[in-house]
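Participant: Can you keep this structure in mind? I'll have questions shortly.
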There are 2 protein chains.
Amino acid sequence: MARVLTPQAEDFPRWYQDVVAKAQLAENGPVRGTMVIRPWAYGIWELVQRGLDDRIKASGARNAYFPLLIPESYLRREADHIEGFSPELAVVTVGGGKELAEPVVIRPTSETIINASLARWISSYRDLPFKVNQWANVVRWELRPRLFLRTSEFLWQEGHTAHRTPEEAHAFALEILEDAYTATMERDLAIPVWRGRKTEREKFAGAIVSWSCEGLMRDGKALQMGTSHELGQNFAHAFDIAYTDEHGARQRPWQTSWGASTRLLGATIMVHGDDHGLRLPPRVAPVQVVVLVARAGEGVLEQAGRLVDDLTRAGIRTELDPHTEVSVGRRIVEWELRGVPVRVELGPRDIASGQVPVALRAQAVKTTHALDGLARAMPAILENEQDELLRQASALRDRLTGRATTIAEAIEQARSGAVRIPWAALGPDGERRLLDAGVSVRCLLREDGGLPDDPDADGVEAIVARAY
Amino acid sequence: MARVLTPQAEDFPRWYQDVVAKAQLAENGPVRGTMVIRPWAYGIWELVQRGLDDRIKASGARNAYFPLLIPESYLRREADHIEGFSPELAVVTVGGGKELAEPVVIRPTSETIINASLARWISSYRDLPFKVNQWANVVRWELRPRLFLRTSEFLWQEGHTAHRTPEEAHAFALEILEDAYTATMERDLAIPVWRGRKTEREKFAGAIVSWSCEGLMRDGKALQMGTSHELGQNFAHAFDIAYTDEHGARQRPWQTSWGASTRLLGATIMVHGDDHGLRLPPRVAPVQVVVLVARAGEGVLEQAGRLVDDLTRAGIRTELDPHTEVSVGRRIVEWELRGVPVRVELGPRDIASGQVPVALRAQAVKTTHALDGLARAMPAILENEQDELLRQASALRDRLTGRATTIAEAIEQARSGAVRIPWAALGPDGERRLLDAGVSVRCLLREDGGLPDDPDADGVEAIVARAY
């Protein structure tokens, strides 16, 4: 059989390009670095959004929408912020047929424009905590684009909060990291992530502390999947946000911001995909079960339709594949490529015996199941598939993660995966030496997996790796 | 009592500005014509989106995402299209710190960039019909902005389809108009709309026929609330979209596009709002019932909490207002301003008697209801409120709609509302004369309310009005 994709072991980046193209996930837009997200990938994104949005709302944030276009002068108000984003900006100089008096930029992120609103909305301690989120597109000009991972335009959510104390801001930044991001990644996307603190060098432009979730891809490279920042009072000063406290004194709030993007789709592809294509966690699969009519015959189509109805009624996203004019083999290749978790095959003989083949994408097995009761059994089958993907991803991550005590060892081991090394053995100087070798510190965490309040305390480890 | 809003009868545009500001719906962004959509209004938008998105998906369209940035040359490929949009474009000339070789525009609509993709995706008759939708922001530079109604950036959905025959494209354009747009407007937003055909002068830049849903606001001005276009083969030629039919011959598809935007929020405000503020149809109210603790007392807060739980379990979006430190009167003014459909007031005496005041925003009455069973009764109460708003809006539209047989009569009557006039009495010349008087033809429809295939046939009427 002709191979559908370049094997991962042969050329992983090529495999990624192949699967993105052949599973009809995305393609390049005409403007350099932009991306068309095709319906199958967008369907996954809608499910990722729904889960994450529910968790964000559970944190008390409400959604809003802020303008795409920001006066350039706004970005200049916070020195680190403009320095960080300046090289990536897209600038609009003409509007409505006229040269603009002041150029405006397309938002690379919305701290500045949101804080200009917060300065009007926050005036009393009763207004705090203030929590807002938006789902939006942002533009950061990208010279070496890669679909879903680094694109000039991407979709994301960005949350912004204001609190009365630094402790409360700190706690909320970590709450989002754990209850919104980690929960979405591990429970919905079946991807285990390291949660840790960014180094001074890697933190967000304008933050005092940045936290992140980091995943490990099948090729041993890391991917930053979500970040949560403590902004201190930097933007509150820059945009003159102040409130009156219970005693009538004027105070500045402490702020956070946090974001996760369509990168999550890239992570899902690179953590679960295999040489046959995508493997989708059932919770984010636009089609969870395909009922494939393997061979036409008396009553087969009717039986298939009934099964689709039963599954749909059981709350399962189901699609019928009745295209017997195309060979079974070719259709199976296509459904495996797209990563549908469960495939039920129906032919005249299966219906006669009352036992039907059920192929499980994650476990890579084909079992048989009584047709009677199959719809009732399906939620548990799907849950098993979901668990199986997380189990496999965790095992793979363990296998691809080494330990080192010296910088040389770390560089050596990072050729094939992630490395844990005491931060004390590294420090900012070691971090620079790693970078010269193409390896970066993804995050700092405690040996027990906890989050370090003080990165220079005993027992703090760095996760280092080559990264996307 | 100090008045909260400028009365509608005194100054309707001022009333609109007041309610948008004081109900915390939206505010101007720093770049001319841009808009911040605040959480309360965005919450309404999320519910409008959900209903419309479900209906769009039921039509067979799937969501996808296409780039924000479009090469300027793409827009030039369809002559009418570039002519229509040229004066409104925002142009990016600098990206990543460098002058761009070819300027790119921010999408004013996505026909061009989507059709560039369709040219790659469509090759066989098996690929048709092709139906795709996207939720996105677009930019059309606006010199006289008005929040929600005309802004330089707005949020919308735009659907794009390709069909084998002009008849199928025609039928689909009308299906969306009726089953997606009209259903959303009438059932969810409780706004009666006229469905009709745009005149040649008013049709979309690049379409062969445009259809629209038109609403009538409380001040007698019309608002275009959604449009559905038959594009013929204009874009198929411009972007070289072709497919092979069953007989092996090369054919060009027939296309449609259709959009509805955050304008729908402006319509909801201007159709239902009164001198006390917004009145929200329950289906799109972020909070459907507020349980207001009128006066503190033994067990009141507990009882209120229980009621909130019961209502929430019954699937009703409920909020507790426990803020007895603020006067009841002030809080009632606030909830009426925000347009929450039902307000339940709880105090010690109400709980003792087992009978509680229930204020209905649409009917403007305060009834009492047994506390026991109130949660069970609430879905029907909310449905009544929903129906009541549609009934009131329909009655108001009837009252504000006249009939004329001459152009002079039409101009006279359009001072206070919409006017039905035979299209034969008007024609393109009459349309121009109306425009000179600030009155436009909103759409053409048959006397029986049906849609005219031939605008010049007998019995075709024009709805004319001043318009937003």
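Chain identifiers are assigned as A, B, and so on, following the order in which chains appear in the structure tokens; residues are numbered from 1 within each chain, and ligands are numbered from 1 in order of appearance.
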Tell me which protein, DNA and RNA residues are within 10 Å of Pro281 of chain A, counting only C-alpha atoms, leaving out same-chain ones fewer than 2 positions away, and put them as a list in words.
Facilitator: Ile44, Arg187, Asp188, Leu189, Ala190, Ile191, Thr268, His272, Leu278, Arg279, Arg283, Val284, Ala285, Pro286, Gln288, Gly339, Val340, Pro341, Arg361, Ala362, Leu382, Glu383, Glu385, Gln386, Asp387, Glu388, Leu389 and Leu390 of chain A
Participant: Write out the residues from the selection above, keeping N, CA and C atoms, as a PDB file, in the first residue's frame.
Facilitator:
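Result saved to selection.pdb:
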```
ATOM      1  N   ILE A  44     -12.282  21.141  15.551  1.00  0.00           N
ATOM      2  CA  ILE A  44     -11.539  20.783  16.768  1.00  0.00           C
ATOM      3  C   ILE A  44     -11.397  22.026  17.656  1.00  0.00           C
ATOM      4  N   ARG A 187      -7.213  17.109  30.425  1.00  0.00           N
ATOM      5  CA  ARG A 187      -8.492  16.392  30.361  1.00  0.00           C
ATOM      6  C   ARG A 187      -9.081  16.372  28.954  1.00  0.00           C
ATOM      7  N   ASP A 188      -9.024  17.499  28.264  1.00  0.00           N
ATOM      8  CA  ASP A 188      -9.656  17.545  26.937  1.00  0.00           C
ATOM      9  C   ASP A 188      -8.696  17.107  25.834  1.00  0.00           C
ATOM     10  N   LEU A 189      -7.466  17.649  25.871  1.00  0.00           N
ATOM     11  CA  LEU A 189      -6.511  17.344  24.801  1.00  0.00           C
ATOM     12  C   LEU A 189      -5.666  16.110  25.105  1.00  0.00           C
ATOM     13  N   ALA A 190      -5.777  15.558  26.311  1.00  0.00           N
ATOM     14  CA  ALA A 190      -5.023  14.353  26.706  1.00  0.00           C
ATOM     15  C   ALA A 190      -3.519  14.565  26.577  1.00  0.00           C
ATOM     16  N   ILE A 191      -3.084  15.772  26.875  1.00  0.00           N
ATOM     17  CA  ILE A 191      -1.655  16.103  26.811  1.00  0.00           C
ATOM     18  C   ILE A 191      -1.144  16.457  28.201  1.00  0.00           C
ATOM     19  N   THR A 268      -1.772  19.109  19.691  1.00  0.00           N
ATOM     20  CA  THR A 268      -2.594  17.902  19.592  1.00  0.00           C
ATOM     21  C   THR A 268      -2.108  17.012  18.445  1.00  0.00           C
ATOM     22  N   HIS A 272      -0.154  13.348  19.613  1.00  0.00           N
ATOM     23  CA  HIS A 272      -0.915  12.119  19.408  1.00  0.00           C
ATOM     24  C   HIS A 272      -0.780  11.500  18.025  1.00  0.00           C
ATOM     25  N   LEU A 278      -3.697  11.717  12.117  1.00  0.00           N
ATOM     26  CA  LEU A 278      -4.095  12.324  13.376  1.00  0.00           C
ATOM     27  C   LEU A 278      -4.709  11.259  14.282  1.00  0.00           C
ATOM     28  N   ARG A 279      -4.602  11.464  15.589  1.00  0.00           N
ATOM     29  CA  ARG A 279      -5.403  10.663  16.530  1.00  0.00           C
ATOM     30  C   ARG A 279      -6.043  11.673  17.469  1.00  0.00           C
ATOM     31  N   ARG A 283     -12.857  13.945  23.323  1.00  0.00           N
ATOM     32  CA  ARG A 283     -13.513  15.178  23.787  1.00  0.00           C
ATOM     33  C   ARG A 283     -13.401  16.327  22.809  1.00  0.00           C
ATOM     34  N   VAL A 284     -12.407  16.319  21.954  1.00  0.00           N
ATOM     35  CA  VAL A 284     -12.276  17.422  21.000  1.00  0.00           C
ATOM     36  C   VAL A 284     -12.381  16.936  19.554  1.00  0.00           C
ATOM     37  N   ALA A 285     -12.915  15.732  19.366  1.00  0.00           N
ATOM     38  CA  ALA A 285     -13.090  15.205  18.008  1.00  0.00           C
ATOM     39  C   ALA A 285     -14.429  15.661  17.442  1.00  0.00           C
ATOM     40  N   PRO A 286     -14.423  16.392  16.321  1.00  0.00           N
ATOM     41  CA  PRO A 286     -15.688  16.833  15.710  1.00  0.00           C
ATOM     42  C   PRO A 286     -16.573  15.643  15.350  1.00  0.00           C
ATOM     43  N   GLN A 288     -16.812  11.752  16.641  1.00  0.00           N
ATOM     44  CA  GLN A 288     -16.247  10.802  17.606  1.00  0.00           C
ATOM     45  C   GLN A 288     -16.351   9.370  17.094  1.00  0.00           C
ATOM     46  N   GLY A 339      -8.227  11.076  12.070  1.00  0.00           N
ATOM     47  CA  GLY A 339      -8.093  10.866  13.514  1.00  0.00           C
ATOM     48  C   GLY A 339      -9.362  10.555  14.273  1.00  0.00           C
ATOM     49  N   VAL A 340     -10.420  10.131  13.568  1.00  0.00           N
ATOM     50  CA  VAL A 340     -11.672   9.823  14.263  1.00  0.00           C
ATOM     51  C   VAL A 340     -11.454   8.661  15.236  1.00  0.00           C
ATOM     52  N   PRO A 341     -11.833   8.817  16.509  1.00  0.00           N
ATOM     53  CA  PRO A 341     -11.479   7.837  17.549  1.00  0.00           C
ATOM     54  C   PRO A 341     -12.035   6.427  17.332  1.00  0.00           C
ATOM     55  N   ARG A 361      -8.961   3.834  17.338  1.00  0.00           N
ATOM     56  CA  ARG A 361      -7.789   4.501  16.775  1.00  0.00           C
ATOM     57  C   ARG A 361      -6.645   4.599  17.777  1.00  0.00           C
ATOM     58  N   ALA A 362      -6.931   4.930  19.030  1.00  0.00           N
ATOM     59  CA  ALA A 362      -5.856   5.148  20.005  1.00  0.00           C
ATOM     60  C   ALA A 362      -5.183   3.827  20.378  1.00  0.00           C
ATOM     61  N   LEU A 382     -15.442   5.499  24.421  1.00  0.00           N
ATOM     62  CA  LEU A 382     -14.786   6.776  24.106  1.00  0.00           C
ATOM     63  C   LEU A 382     -13.953   7.273  25.282  1.00  0.00           C
ATOM     64  N   GLU A 383     -14.464   7.085  26.481  1.00  0.00           N
ATOM     65  CA  GLU A 383     -13.702   7.519  27.651  1.00  0.00           C
ATOM     66  C   GLU A 383     -12.397   6.735  27.758  1.00  0.00           C
ATOM     67  N   GLU A 385     -10.740   5.492  25.251  1.00  0.00           N
ATOM     68  CA  GLU A 385      -9.846   6.012  24.217  1.00  0.00           C
ATOM     69  C   GLU A 385      -9.181   7.309  24.689  1.00  0.00           C
ATOM     70  N   GLN A 386      -9.994   8.152  25.327  1.00  0.00           N
ATOM     71  CA  GLN A 386      -9.467   9.411  25.862  1.00  0.00           C
ATOM     72  C   GLN A 386      -8.337   9.114  26.864  1.00  0.00           C
ATOM     73  N   ASP A 387      -8.610   8.208  27.804  1.00  0.00           N
ATOM     74  CA  ASP A 387      -7.610   7.857  28.823  1.00  0.00           C
ATOM     75  C   ASP A 387      -6.365   7.247  28.194  1.00  0.00           C
ATOM     76  N   GLU A 388      -6.596   6.428  27.174  1.00  0.00           N
ATOM     77  CA  GLU A 388      -5.489   5.735  26.522  1.00  0.00           C
ATOM     78  C   GLU A 388      -4.514   6.730  25.890  1.00  0.00           C
ATOM     79  N   LEU A 389      -5.054   7.768  25.270  1.00  0.00           N
ATOM     80  CA  LEU A 389      -4.174   8.766  24.649  1.00  0.00           C
ATOM     81  C   LEU A 389      -3.351   9.500  25.699  1.00  0.00           C
ATOM     82  N   LEU A 390      -3.968   9.827  26.828  1.00  0.00           N
ATOM     83  CA  LEU A 390      -3.219  10.507  27.884  1.00  0.00           C
ATOM     84  C   LEU A 390      -2.146   9.574  28.459  1.00  0.00           C
TER      85      LEU A 390
END
```
Participant: Within 8 Å of chain A, which residues of chain B are there when counting only C-alpha atoms? Please give them as a count of residues only.
Facilitator: 40
Participant: Identify, on the basis of only C-alpha atoms, every residue whose closest approach to Ala180 of chain A does not exceed 7 Å; exclude the query and any residue fewer than 4 positions from it along the same chain; express the result as number ranges by chain.
Facilitator: A: 52, 55-56, 176, 184
Participant: If we count only C-alpha atoms, what is near segment 198-204 of chain A at a cut-off of 6 Å, once residues fewer than 5 positions away on the same chain are taken out, given as number ranges by chain?
Facilitator: A: 210-211, 443
Participant: Let's have the selection written as a PDB file, in the first residue's frame, with all heavy atoms.
Facilitator:
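So the final result, stored in out.pdb, reads:
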```
ATOM      1  N   SER A 210       6.210  35.321  34.762  1.00  0.00           N
ATOM      2  CA  SER A 210       5.402  34.569  33.805  1.00  0.00           C
ATOM      3  C   SER A 210       5.417  33.095  34.175  1.00  0.00           C
ATOM      4  O   SER A 210       6.458  32.555  34.557  1.00  0.00           O
ATOM      5  CB  SER A 210       5.950  34.721  32.382  1.00  0.00           C
ATOM      6  OG  SER A 210       5.720  36.006  31.876  1.00  0.00           O
ATOM      7  N   TRP A 211       4.256  32.471  34.069  1.00  0.00           N
ATOM      8  CA  TRP A 211       4.110  31.032  34.287  1.00  0.00           C
ATOM      9  C   TRP A 211       3.664  30.391  32.985  1.00  0.00           C
ATOM     10  O   TRP A 211       2.994  31.042  32.179  1.00  0.00           O
ATOM     11  CB  TRP A 211       3.052  30.762  35.372  1.00  0.00           C
ATOM     12  CG  TRP A 211       3.340  31.483  36.648  1.00  0.00           C
ATOM     13  CD1 TRP A 211       2.896  32.721  36.998  1.00  0.00           C
ATOM     14  CD2 TRP A 211       4.142  31.016  37.737  1.00  0.00           C
ATOM     15  NE1 TRP A 211       3.370  33.065  38.237  1.00  0.00           N
ATOM     16  CE2 TRP A 211       4.146  32.033  38.723  1.00  0.00           C
ATOM     17  CE3 TRP A 211       4.873  29.852  37.977  1.00  0.00           C
ATOM     18  CZ2 TRP A 211       4.825  31.922  39.926  1.00  0.00           C
ATOM     19  CZ3 TRP A 211       5.552  29.728  39.170  1.00  0.00           C
ATOM     20  CH2 TRP A 211       5.535  30.750  40.137  1.00  0.00           C
ATOM     21  N   CYS A 443      10.817  26.003  31.556  1.00  0.00           N
ATOM     22  CA  CYS A 443      10.250  26.536  32.789  1.00  0.00           C
ATOM     23  C   CYS A 443      10.997  25.978  33.984  1.00  0.00           C
ATOM     24  O   CYS A 443      11.770  25.037  33.862  1.00  0.00           O
ATOM     25  CB  CYS A 443       8.744  26.233  32.900  1.00  0.00           C
ATOM     26  SG  CYS A 443       8.339  24.483  32.991  1.00  0.00           S
TER      27      CYS A 443
END
```
Participant: Quick check for you: according to DSSP on this backbone, which residues of segment 36-209 of chain A are classed as strand (DSSP E or B)? Reply as a PyMOL selection string.
Facilitator: chain A and resi 36-37+62-63+65+69-71+90-95+98-106+124+130-139+146+150+153-163+194-197+209
